[in-house]
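Undergrad: File protein-v9.txt follows (compact mmCIF, C-alpha atoms):
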```
# COMPACT_ATOMS: atom_id res chain seq x y z
CA MET U 359 5.71 30.18 18.58
CA SER U 360 3.90 27.01 17.49
CA LYS U 361 5.37 25.16 14.49
CA THR U 362 3.85 21.97 13.11
CA VAL U 363 6.01 19.79 10.89
CA VAL U 364 5.35 16.81 8.61
CA ILE U 365 8.10 14.31 7.75
CA HIS U 366 7.71 11.91 4.84
CA GLN U 367 9.63 10.37 1.96
CA PRO U 368 9.28 12.15 -1.40
CA ASP U 369 6.73 9.76 -2.88
CA PHE U 370 5.70 9.74 -6.54
CA LEU U 371 2.34 11.42 -7.27
CA PRO U 372 0.96 10.69 -3.76
CA TYR U 373 -2.62 10.11 -2.66
CA LEU U 374 -4.92 12.73 -1.13
CA GLY U 375 -4.03 11.84 2.46
CA PHE U 376 -0.41 12.85 1.82
CA PHE U 377 -1.54 16.39 1.02
CA HIS U 378 -4.23 16.50 3.71
CA ARG U 379 -1.50 16.83 6.37
CA PHE U 380 -0.18 19.93 4.64
CA LEU U 381 -3.45 21.71 5.46
CA PHE U 382 -2.43 21.63 9.13
CA ALA U 383 1.35 22.00 8.91
CA ASP U 384 3.89 24.79 8.60
CA LEU U 385 6.79 22.81 7.09
CA TYR U 386 7.37 19.55 5.21
CA ILE U 387 10.67 17.76 5.83
CA VAL U 388 11.43 15.65 2.77
CA LEU U 389 12.93 12.43 4.12
CA ASP U 390 15.33 11.93 1.24
CA HIS U 391 18.45 10.56 2.97
CA VAL U 392 16.97 7.23 4.08
CA GLN U 393 17.32 3.94 2.21
CA PHE U 394 15.39 3.55 -1.02
CA VAL U 395 13.16 0.49 -0.72
CA SER U 396 11.90 -1.19 -3.87
CA SER U 397 9.32 -3.68 -2.67
CA SER U 398 5.59 -4.30 -2.40
CA ARG U 399 5.54 -1.77 0.50
CA SER U 400 7.21 1.01 -1.42
CA TRP U 401 5.45 4.04 -2.86
CA THR U 402 8.58 6.10 -3.51
CA HIS U 403 8.74 5.32 -7.22
CA ARG U 404 5.12 4.42 -7.97
CA ASP U 405 1.44 4.99 -7.19
CA LYS U 406 -1.86 3.57 -8.31
CA ILE U 407 -4.46 4.74 -10.80
CA LYS U 408 -7.83 3.21 -11.64
CA THR U 409 -8.49 1.41 -14.91
CA ALA U 410 -11.34 -0.57 -16.42
CA LYS U 411 -9.46 -3.70 -15.29
CA GLY U 412 -8.84 -2.50 -11.74
CA GLU U 413 -5.94 -0.72 -10.07
CA LYS U 414 -2.66 -0.38 -11.94
CA TRP U 415 0.73 1.02 -10.99
CA LEU U 416 2.11 4.20 -12.52
CA THR U 417 5.85 3.60 -12.13
CA LEU U 418 9.20 5.31 -12.47
CA SER U 419 11.98 3.01 -13.66
CA VAL U 420 15.26 3.46 -11.80
CA LYS U 421 18.82 2.27 -12.24
CA LYS U 422 19.92 -0.70 -10.16
CA THR U 423 21.95 0.21 -7.08
CA SER U 424 23.26 -1.34 -3.90
CA ARG U 425 20.74 -2.14 -1.19
CA ASP U 426 21.61 0.73 1.15
CA THR U 427 21.47 3.53 -1.44
CA PRO U 428 19.54 6.56 -0.11
CA ILE U 429 16.57 7.95 -1.98
CA ASN U 430 18.43 11.12 -2.98
CA GLN U 431 21.07 9.08 -4.83
CA ILE U 432 18.68 6.97 -6.89
CA GLU U 433 18.92 7.70 -10.62
CA LEU U 434 16.08 7.40 -13.09
CA SER U 435 16.57 4.85 -15.85
CA ASP U 436 17.85 6.17 -19.16
CA THR U 437 17.26 2.88 -21.00
CA VAL U 438 13.53 2.47 -20.30
CA ASP U 439 10.92 4.87 -21.70
CA TRP U 440 9.07 5.13 -18.38
CA ALA U 441 7.84 8.63 -19.25
CA GLY U 442 6.21 7.42 -22.45
CA ASP U 443 4.79 4.37 -20.69
CA ASN U 444 3.22 6.51 -17.95
CA LEU U 445 1.74 9.00 -20.36
CA ASN U 446 0.31 6.20 -22.50
CA LEU U 447 -1.24 4.56 -19.43
CA LEU U 448 -2.82 7.86 -18.37
CA GLU U 449 -4.08 8.56 -21.90
CA GLN U 450 -5.60 5.11 -22.23
CA ASN U 451 -7.45 5.27 -18.92
CA TYR U 452 -8.35 8.93 -18.44
CA ARG U 453 -8.95 10.24 -21.96
CA LYS U 454 -12.72 10.07 -21.34
CA ALA U 455 -12.48 11.61 -17.86
CA PRO U 456 -14.24 15.01 -17.57
CA TYR U 457 -11.05 17.00 -16.90
CA TYR U 458 -8.52 15.15 -19.03
CA ALA U 459 -7.82 18.29 -21.08
CA GLU U 460 -7.09 20.29 -17.94
CA ILE U 461 -4.78 17.81 -16.21
CA MET U 462 -2.99 15.86 -18.95
CA PRO U 463 -0.86 18.78 -20.24
CA ARG U 464 0.62 19.16 -16.74
CA MET U 465 1.52 15.49 -16.67
CA GLU U 466 3.09 15.74 -20.09
CA GLU U 467 5.13 18.74 -18.96
CA ILE U 468 6.70 17.10 -15.89
CA HIS U 469 7.34 13.83 -17.72
CA ARG U 470 8.99 15.50 -20.70
CA GLU U 471 11.21 17.92 -18.77
CA PRO U 472 14.71 16.40 -18.43
CA CYS U 473 15.43 14.92 -14.99
CA CYS U 474 18.05 12.43 -13.82
CA MET U 475 17.27 11.84 -10.14
CA LEU U 476 14.24 10.13 -8.61
CA ALA U 477 13.94 12.54 -5.68
CA ASP U 478 14.06 15.57 -7.96
CA PHE U 479 11.34 14.17 -10.19
CA ASN U 480 9.15 13.24 -7.24
CA LEU U 481 9.48 16.67 -5.67
CA ARG U 482 8.50 18.15 -9.02
CA SER U 483 5.37 15.97 -9.00
CA ILE U 484 4.60 16.90 -5.38
CA GLU U 485 4.99 20.61 -6.12
CA MET U 486 2.66 20.27 -9.10
CA LEU U 487 0.00 18.59 -6.96
CA MET U 488 0.48 21.08 -4.12
CA ASP U 489 -0.25 23.88 -6.56
CA MET U 490 -3.30 22.20 -8.06
CA LEU U 491 -4.72 21.26 -4.64
CA ASP U 492 -3.82 24.64 -3.12
CA VAL U 493 -1.91 23.22 -0.15
CA ARG U 494 1.48 24.82 -0.66
CA ILE U 495 3.83 24.88 2.33
CA PRO U 496 7.63 25.26 2.39
CA TRP U 497 9.80 22.16 2.44
CA VAL U 498 13.38 21.25 3.31
CA CYS U 499 15.30 18.05 2.60
CA SER U 500 16.49 15.94 5.52
CA SER U 501 19.81 15.39 3.72
CA GLY U 502 20.58 19.08 4.23
CA LEU U 503 19.96 18.96 7.98
CA GLU U 504 22.90 16.71 8.91
CA PRO U 505 20.55 14.01 10.22
CA VAL U 506 21.56 11.84 13.17
CA GLY U 507 20.01 8.63 14.47
CA THR U 508 17.41 6.16 13.29
CA LYS U 509 13.66 5.64 13.67
CA ASN U 510 12.06 7.83 16.36
CA GLU U 511 15.38 9.38 17.39
CA LEU U 512 15.99 10.46 13.79
CA LEU U 513 12.58 12.12 13.57
CA VAL U 514 13.19 14.02 16.82
CA ASP U 515 16.63 15.12 15.63
CA LEU U 516 15.14 16.55 12.43
CA LEU U 517 12.26 18.21 14.29
CA LYS U 518 14.61 19.90 16.74
CA LYS U 519 16.76 21.22 13.89
CA VAL U 520 13.78 23.05 12.38
CA SER U 521 12.49 24.25 15.78
CA ALA U 522 9.29 22.21 15.58
CA THR U 523 6.86 22.27 18.49
CA HIS U 524 4.45 19.73 16.99
CA TYR U 525 4.93 16.68 14.79
CA LEU U 526 1.97 15.74 12.58
CA SER U 527 2.25 12.03 11.79
CA GLY U 528 0.29 9.66 9.60
CA VAL U 529 -1.50 6.90 11.49
CA GLY U 530 0.61 4.23 9.79
CA ALA U 531 3.50 5.19 12.07
CA ARG U 532 1.65 4.12 15.23
CA ASP U 533 3.06 0.59 14.98
CA TYR U 534 6.62 1.73 15.62
CA PHE U 535 5.98 4.94 17.55
CA GLN U 536 7.88 5.43 20.81
CA PRO U 537 6.74 8.49 22.80
CA GLY U 538 9.87 8.82 24.93
CA PRO U 539 12.16 10.75 22.54
CA PHE U 540 9.38 13.18 21.61
CA SER U 541 8.40 13.84 25.22
CA LYS U 542 12.02 14.39 26.22
CA ALA U 543 12.42 16.95 23.42
CA GLY U 544 9.16 18.71 24.34
CA ILE U 545 7.60 17.96 20.94
CA GLU U 546 3.89 17.16 20.87
CA VAL U 547 2.82 14.40 18.48
CA ILE U 548 -0.44 14.88 16.58
CA TRP U 549 -1.99 11.97 14.68
CA GLN U 550 -3.53 12.69 11.33
CA ASP U 551 -7.32 12.45 11.34
CA PHE U 552 -8.15 11.75 7.71
CA THR U 553 -11.29 10.22 6.32
CA HIS U 554 -10.83 9.50 2.64
CA PRO U 555 -13.47 11.46 0.71
CA VAL U 556 -15.67 9.54 -1.69
CA TYR U 557 -16.07 11.07 -5.13
CA THR U 558 -17.33 10.04 -8.57
CA GLN U 559 -14.83 7.91 -10.47
CA GLN U 560 -14.77 6.07 -13.76
CA PHE U 561 -15.10 2.30 -13.97
CA GLY U 562 -17.59 1.33 -11.29
CA GLU U 563 -17.43 1.36 -7.51
CA PHE U 564 -15.28 3.84 -5.66
CA VAL U 565 -11.67 2.85 -4.93
CA PRO U 566 -9.80 4.91 -2.29
CA TYR U 567 -6.06 5.56 -1.83
CA LEU U 568 -5.22 6.13 -5.47
CA SER U 569 -2.86 8.83 -6.67
CA ALA U 570 -4.36 12.30 -6.28
CA LEU U 571 -4.34 12.37 -10.08
CA ASP U 572 -7.52 10.31 -10.05
CA VAL U 573 -9.65 12.97 -8.37
CA LEU U 574 -8.08 15.68 -10.52
CA PHE U 575 -8.85 13.90 -13.80
CA ASN U 576 -12.40 13.19 -12.66
CA HIS U 577 -13.29 16.51 -10.99
CA GLY U 578 -10.76 19.14 -12.06
CA ILE U 579 -8.63 21.49 -10.02
CA THR U 580 -11.31 23.66 -8.40
CA ALA U 581 -13.55 20.84 -7.22
CA SER U 582 -10.60 18.67 -6.14
CA ARG U 583 -9.51 21.35 -3.69
CA GLU U 584 -12.93 21.15 -2.02
CA ILE U 585 -12.95 17.33 -2.10
CA LEU U 586 -9.55 17.17 -0.36
CA ARG U 587 -10.85 19.34 2.44
CA ARG U 588 -13.73 16.92 3.08
CA GLY U 589 -11.10 14.73 4.72
CA GLU U 590 -10.78 17.28 7.52
```
Just give me the structure as structure tokens.
TA:
Amino acid sequence: MSKTVVIHQPDFLPYLGFFHRFLFADLYIVLDHVQFVSSSRSWTHRDKIKTAKGEKWLTLSVKKTSRDTPINQIELSDTVDWAGDNLNLLEQNYRKAPYYAEIMPRMEEIHREPCCMLADFNLRSIEMLMDMLDVRIPWVCSSGLEPVGTKNELLVDLLKKVSATHYLSGVGARDYFQPGPFSKAGIEVIWQDFTHPVYTQQFGEFVPYLSALDVLFNHGITASREILRRGE
């Protein structure tokens, strides 16, 4: 039986392309046991929204830890009001958006519900967006699969443990992709074919690759489901 699997870190309020893969997959492996990276390349604790002054980061503040701490052990800060800051930033920039009244209560709910761990909060945000975009698939955390190896060998190990026949990867992984381990395991690699849909936004010319919140605030749940599927 064919089984297509996606593997990705539990990012915070991801962009549309993150969810586009779920349209073609049977399972999402949450890569939560790998090192948390806090740098300009990291999206695990932040994502972008659009403002009148350009793109801005919506960010989760986390407690300082050692360099090698895995994502699933990162704690949210209890000394910074990151929830209030995020909600204020959303209110300031989306209060005039057509579907603010539909989306904002959901953001308030997930930000106000007590949560201590970054991965737990991010999975809550992903589940919320999966529901709104109607792309729900089951998921399992890599930390619960007794993962072995690094890089491509790690991916193959996880795929074998969930009996995957196909691995659906984002195109960003091409730079470090090695076909050998996948071929040896009999797992076919499929590359995501995603064209970012263009939709009406606030504040001038269209900006792609923002958090999926942007399309939801501007077009609402029903229309956003159709817009996501334009990327097929």
Undergrad: How close does segment 367-475 of chain U get to segment 521-525 of chain U? List, as CSV, each residue of segment 367-475 of chain U within 12 Å, its nearest atom pair and the distance in Å to one decimal, counting all atoms listed in the file.
TA:
```
residue,atom,partner,partner_atom,distance
U:Arg379,CA,U:Tyr525,CA,10.6
U:Phe380,CA,U:Tyr525,CA,11.8
U:Phe382,CA,U:Tyr525,CA,10.5
U:Ala383,CA,U:Tyr525,CA,8.7
U:Asp384,CA,U:Ala522,CA,9.2
U:Leu385,CA,U:Ala522,CA,8.9
U:Tyr386,CA,U:Tyr525,CA,10.3
U:Ile387,CA,U:Tyr525,CA,10.7
```
Undergrad: Compile the contact shell of segment 468-474 of chain U as a PyMOL selection string: residues with an atom at most 9 Å away, counting only C-alpha atoms, same-chain residues fewer than 5 positions apart removed.
TA: chain U and resi 432-436+440-442+444-445+463+479+482-483+486
Undergrad: Those residues with C-alpha atoms, as a compact mmCIF listing (two decimals), in the frame of the given file please?
TA:
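In the end it all went to out-v9.txt:
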```txt
# COMPACT_ATOMS: atom_id res chain seq x y z
CA ILE U 432 18.68 6.97 -6.89
CA GLU U 433 18.92 7.70 -10.62
CA LEU U 434 16.08 7.40 -13.09
CA SER U 435 16.57 4.85 -15.85
CA ASP U 436 17.85 6.17 -19.16
CA TRP U 440 9.07 5.13 -18.38
CA ALA U 441 7.84 8.63 -19.25
CA GLY U 442 6.21 7.42 -22.45
CA ASN U 444 3.22 6.51 -17.95
CA LEU U 445 1.74 9.00 -20.36
CA PRO U 463 -0.86 18.78 -20.24
CA PHE U 479 11.34 14.17 -10.19
CA ARG U 482 8.50 18.15 -9.02
CA SER U 483 5.37 15.97 -9.00
CA MET U 486 2.66 20.27 -9.10
```
Undergrad: Could you tell me which of U:Asn576, U:Asp533, U:Gln450, U:Leu513 comes closest to Lys411 of chain U if we count all atoms listed in the file?
TA: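 Answer, going by the shortest atom-to-atom distance: U:Gln450.
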Undergrad: At what distance in Å, to one decimal, does atom CA of Leu487 of chain U lie from atom CA of Asp443 of chain U?
TA: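 Taking atom CA of Asp443 of chain U as the start and atom CA of Leu487 of chain U as the end point, the length is 20.3 Å.
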Undergrad: Dig up all the protein and nucleic acid residues within 10 Å of (4.5, 4.1, -2.0) in the file frame, using all atoms listed in the file, and format them as a list in words.
TA: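 It turns out the residues near that spot are Gln367, Pro368, Asp369, Phe370, Leu371, Pro372, Tyr373, Val395, Ser396, Ser397, Ser398, Arg399, Ser400, Trp401, Thr402, His403, Arg404, Asp405, Lys406 and Ser569 of chain U.
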Undergrad: Generate the coordinates of N, CA and C atoms for segment 489-513 of chain U; report them as an mmCIF file, keeping the file's coordinate frame.
TA:
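Output file selection37.cif is given in full below:
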```cif
data_model
loop_
_atom_site.group_PDB
_atom_site.id
_atom_site.type_symbol
_atom_site.label_atom_id
_atom_site.label_comp_id
_atom_site.auth_asym_id
_atom_site.auth_seq_id
_atom_site.Cartn_x
_atom_site.Cartn_y
_atom_site.Cartn_z
ATOM 1 N N ASP U 489 0.312 22.708 -5.876
ATOM 2 C CA ASP U 489 -0.250 23.880 -6.560
ATOM 3 C C ASP U 489 -1.699 23.626 -6.972
ATOM 4 N N MET U 490 -1.948 22.471 -7.575
ATOM 5 C CA MET U 490 -3.300 22.200 -8.060
ATOM 6 C C MET U 490 -4.292 22.036 -6.905
ATOM 7 N N LEU U 491 -3.838 21.473 -5.790
ATOM 8 C CA LEU U 491 -4.720 21.260 -4.640
ATOM 9 C C LEU U 491 -4.718 22.430 -3.666
ATOM 10 N N ASP U 492 -3.902 23.433 -3.946
ATOM 11 C CA ASP U 492 -3.820 24.640 -3.120
ATOM 12 C C ASP U 492 -3.465 24.319 -1.670
ATOM 13 N N VAL U 493 -2.393 23.550 -1.493
ATOM 14 C CA VAL U 493 -1.910 23.220 -0.150
ATOM 15 C C VAL U 493 -0.404 23.465 -0.060
ATOM 16 N N ARG U 494 0.037 24.560 -0.622
ATOM 17 C CA ARG U 494 1.480 24.820 -0.660
ATOM 18 C C ARG U 494 2.025 25.225 0.701
ATOM 19 N N ILE U 495 3.054 24.497 1.152
ATOM 20 C CA ILE U 495 3.830 24.880 2.330
ATOM 21 C C ILE U 495 5.300 24.724 1.969
ATOM 22 N N PRO U 496 6.198 25.404 2.689
ATOM 23 C CA PRO U 496 7.630 25.260 2.390
ATOM 24 C C PRO U 496 8.120 23.861 2.749
ATOM 25 N N TRP U 497 9.208 23.446 2.119
ATOM 26 C CA TRP U 497 9.800 22.160 2.440
ATOM 27 C C TRP U 497 11.322 22.274 2.488
ATOM 28 N N VAL U 498 11.935 21.329 3.209
ATOM 29 C CA VAL U 498 13.380 21.250 3.310
ATOM 30 C C VAL U 498 13.767 19.777 3.302
ATOM 31 N N CYS U 499 14.875 19.447 2.674
ATOM 32 C CA CYS U 499 15.300 18.050 2.600
ATOM 33 C C CYS U 499 16.073 17.638 3.855
ATOM 34 N N SER U 500 15.797 16.443 4.332
ATOM 35 C CA SER U 500 16.490 15.940 5.520
ATOM 36 C C SER U 500 17.991 15.835 5.277
ATOM 37 N N SER U 501 18.388 15.542 4.037
ATOM 38 C CA SER U 501 19.810 15.390 3.720
ATOM 39 C C SER U 501 20.598 16.680 3.966
ATOM 40 N N GLY U 502 19.904 17.802 3.985
ATOM 41 C CA GLY U 502 20.580 19.080 4.230
ATOM 42 C C GLY U 502 20.591 19.496 5.692
ATOM 43 N N LEU U 503 20.061 18.630 6.556
ATOM 44 C CA LEU U 503 19.960 18.960 7.980
ATOM 45 C C LEU U 503 20.956 18.188 8.840
ATOM 46 N N GLU U 504 21.920 17.535 8.195
ATOM 47 C CA GLU U 504 22.900 16.710 8.910
ATOM 48 C C GLU U 504 22.214 15.763 9.884
ATOM 49 N N PRO U 505 21.364 14.882 9.367
ATOM 50 C CA PRO U 505 20.550 14.010 10.220
ATOM 51 C C PRO U 505 21.379 13.026 11.038
ATOM 52 N N VAL U 506 20.893 12.767 12.256
ATOM 53 C CA VAL U 506 21.560 11.840 13.170
ATOM 54 C C VAL U 506 20.526 10.878 13.737
ATOM 55 N N GLY U 507 20.885 9.594 13.824
ATOM 56 C CA GLY U 507 20.010 8.630 14.470
ATOM 57 C C GLY U 507 19.166 7.840 13.496
ATOM 58 N N THR U 508 18.319 6.981 14.067
ATOM 59 C CA THR U 508 17.410 6.160 13.290
ATOM 60 C C THR U 508 16.032 6.174 13.949
ATOM 61 N N LYS U 509 15.035 5.799 13.192
ATOM 62 C CA LYS U 509 13.660 5.640 13.670
ATOM 63 C C LYS U 509 13.181 6.888 14.419
ATOM 64 N N ASN U 510 12.632 6.708 15.625
ATOM 65 C CA ASN U 510 12.060 7.830 16.360
ATOM 66 C C ASN U 510 13.103 8.889 16.719
ATOM 67 N N GLU U 511 14.312 8.432 17.050
ATOM 68 C CA GLU U 511 15.380 9.380 17.390
ATOM 69 C C GLU U 511 15.751 10.260 16.198
ATOM 70 N N LEU U 512 15.712 9.679 15.007
ATOM 71 C CA LEU U 512 15.990 10.460 13.790
ATOM 72 C C LEU U 512 14.925 11.525 13.594
ATOM 73 N N LEU U 513 13.665 11.157 13.755
ATOM 74 C CA LEU U 513 12.580 12.120 13.570
ATOM 75 C C LEU U 513 12.734 13.288 14.546
#
```
